[in-house]
Amino acid sequence: MKSLVVYYSLTGKTKLVAQVIAEALNATLVQIEERRPIRFPFVYLSGSFAAFTNRGRKINPLDVDLKQYERIFIGSPTWAYRPAPAVNSFIYQTNFEGRSVIPFFTMGGDDSEKALANITAKIERSQGKVAGSFAITSYKVSDEEIIARAKEAIKKYSS
Ligand SMILES: Cc1cc2nc3c(=O)[nH]c(=O)nc-3n(C[C@H](O)[C@H](O)[C@H](O)COP(=O)(O)O)c2cc1C
């Protein structure tokens, strides 16, 4: 199955997981970038507020033809227990019809239920079929451990 990994990452944790998935599944890796990123420390307040209100933010066009892929992994940090606004934008502007979509999060805490429910509803509104999901806690966790957890989480998607 031809897979694509699309992700947004502010501080590099979601990027680590996305890289593991791409390598394990021989998938194409594409990063979502905000056109005008919010700077620290403002991102904590305005980024969280935008996420809390399910807003998008302007993102750079993605250089990828989604139609070529049967399975799309979408990675996001958890902001205000929701996807980051840049990821919302990607989902809002994409029609996932006929594609399996697997959202994944990295997060400071370990309660991923709300974020996964939120992103699932958005993907379904964009015609995608959610075929799995996972979340990895990053707070006080070494990069090596995040990579190990990502390898474990991706095992069931490897066939
Ligand atoms: C604006 C902002 C809001 C956040 N909100 C949450 C949250 O609600 N729950 C949580 O568990 N972690 C929260 N975090 C922590 C991030 O989800 C976590 O550090 C994540 O792994 C960062 O991913 P990244 O390095 O790919 O950006 C927040 C971080 C930022 C910057």
# chains A, B, ... in the order shown; residues from 1 in each chain; ligands from 1
>>> select_by_dssp(residues="chain A", states="strand (DSSP E or B)", output="PyMOL selection string")
chain A and resi 3-7+28-31+34+59+71-79+82-83+100-107+129-130+134-137
>>> select_by_dssp(residues="chain A", states="helix (DSSP H, G or I)", output="number ranges by chain")
A: 13-25, 42-52, 66-68, 85-92, 113-125, 143-157
>>> residues_near_ligand(ligand="ligand 1", cutoff="6 Å", atoms="only C-alpha atoms and all ligand atoms", output="list in words")
Ser9, Leu10, Thr11, Gly12, Lys13, Thr14, Lys15, Val43, Tyr44, Gly47, Ser48, Pro77, Thr78, Trp79, Ala80, Tyr81, Thr106, Met107, Gly108, Gly109 and Ser138 of chain A
>>> closest_residue(among="A:Ser112, A:Leu62, A:Ile91, A:Thr53", to="A:Glu33", atoms="only C-alpha atoms")
A:Leu62
>>> closest_residue(among="A:Arg71, A:Phe96, A:Pro85, A:Thr28", to="A:Phe49", atoms="only C-alpha atoms")
A:Pro85
>>> closest_residue(among="A:Leu45, A:Ala150, A:Leu66, A:Ala121", to="A:Ser3", atoms="only C-alpha atoms")
A:Leu66
>>> residues_around(residues="A:Glu144", least_positions_apart="3", cutoff="12 Å", atoms="only C-alpha atoms", output="count of residues only")
12
>>> atom_distance(atom1="atom CA of A:Ser76", atom2="atom CA of A:Thr137")
12.2 Å
>>> residues_around(residues="A:Ser100", least_positions_apart="4", cutoff="7 Å", atoms="only C-alpha atoms", output="mmCIF file with N, CA, C and O atoms, in the first residue's frame")
data_model
loop_
_atom_site.group_PDB
_atom_site.id
_atom_site.type_symbol
_atom_site.label_atom_id
_atom_site.label_comp_id
_atom_site.auth_asym_id
_atom_site.auth_seq_id
_atom_site.Cartn_x
_atom_site.Cartn_y
_atom_site.Cartn_z
ATOM 1 N N GLU A 70 -2.801 5.671 -1.151
ATOM 2 C CA GLU A 70 -4.010 5.018 -0.620
ATOM 3 C C GLU A 70 -4.164 5.269 0.872
ATOM 4 O O GLU A 70 -5.248 5.223 1.411
ATOM 5 N N ARG A 71 -3.027 5.508 1.521
ATOM 6 C CA ARG A 71 -3.052 5.650 2.975
ATOM 7 C C ARG A 71 -2.272 6.908 3.368
ATOM 8 O O ARG A 71 -1.128 7.092 2.936
ATOM 9 N N ILE A 72 -2.914 7.738 4.173
ATOM 10 C CA ILE A 72 -2.273 8.997 4.566
ATOM 11 C C ILE A 72 -2.197 9.095 6.089
ATOM 12 O O ILE A 72 -3.218 9.072 6.774
ATOM 13 N N GLY A 128 -12.658 11.488 4.577
ATOM 14 C CA GLY A 128 -11.666 10.432 4.832
ATOM 15 C C GLY A 128 -12.216 9.328 5.722
ATOM 16 O O GLY A 128 -13.144 9.543 6.498
ATOM 17 N N LYS A 129 -11.607 8.156 5.590
ATOM 18 C CA LYS A 129 -11.980 7.031 6.451
ATOM 19 C C LYS A 129 -10.817 6.811 7.423
ATOM 20 O O LYS A 129 -9.699 6.514 6.989
ATOM 21 N N VAL A 130 -11.104 6.980 8.701
ATOM 22 C CA VAL A 130 -10.031 6.842 9.688
ATOM 23 C C VAL A 130 -9.799 5.355 9.976
ATOM 24 O O VAL A 130 -10.702 4.638 10.394
ATOM 25 N N ALA A 131 -8.579 4.918 9.717
ATOM 26 C CA ALA A 131 -8.268 3.482 9.786
ATOM 27 C C ALA A 131 -7.243 3.187 10.875
ATOM 28 O O ALA A 131 -6.397 2.310 10.720
#
>>> closest_residue(among="A:Ile74, A:Ala84, A:Ala22, A:Ala117", to="A:Asn54", atoms="only C-alpha atoms")
A:Ala84
>>> atom_distance(atom1="atom CA of A:Tyr157", atom2="atom CA of A:Tyr7")
17.3 Å
>>> closest_residue(among="A:Asp110, A:Ala115, A:Gly75, A:Val87", to="A:Glu34", atoms="only C-alpha atoms")
A:Val87
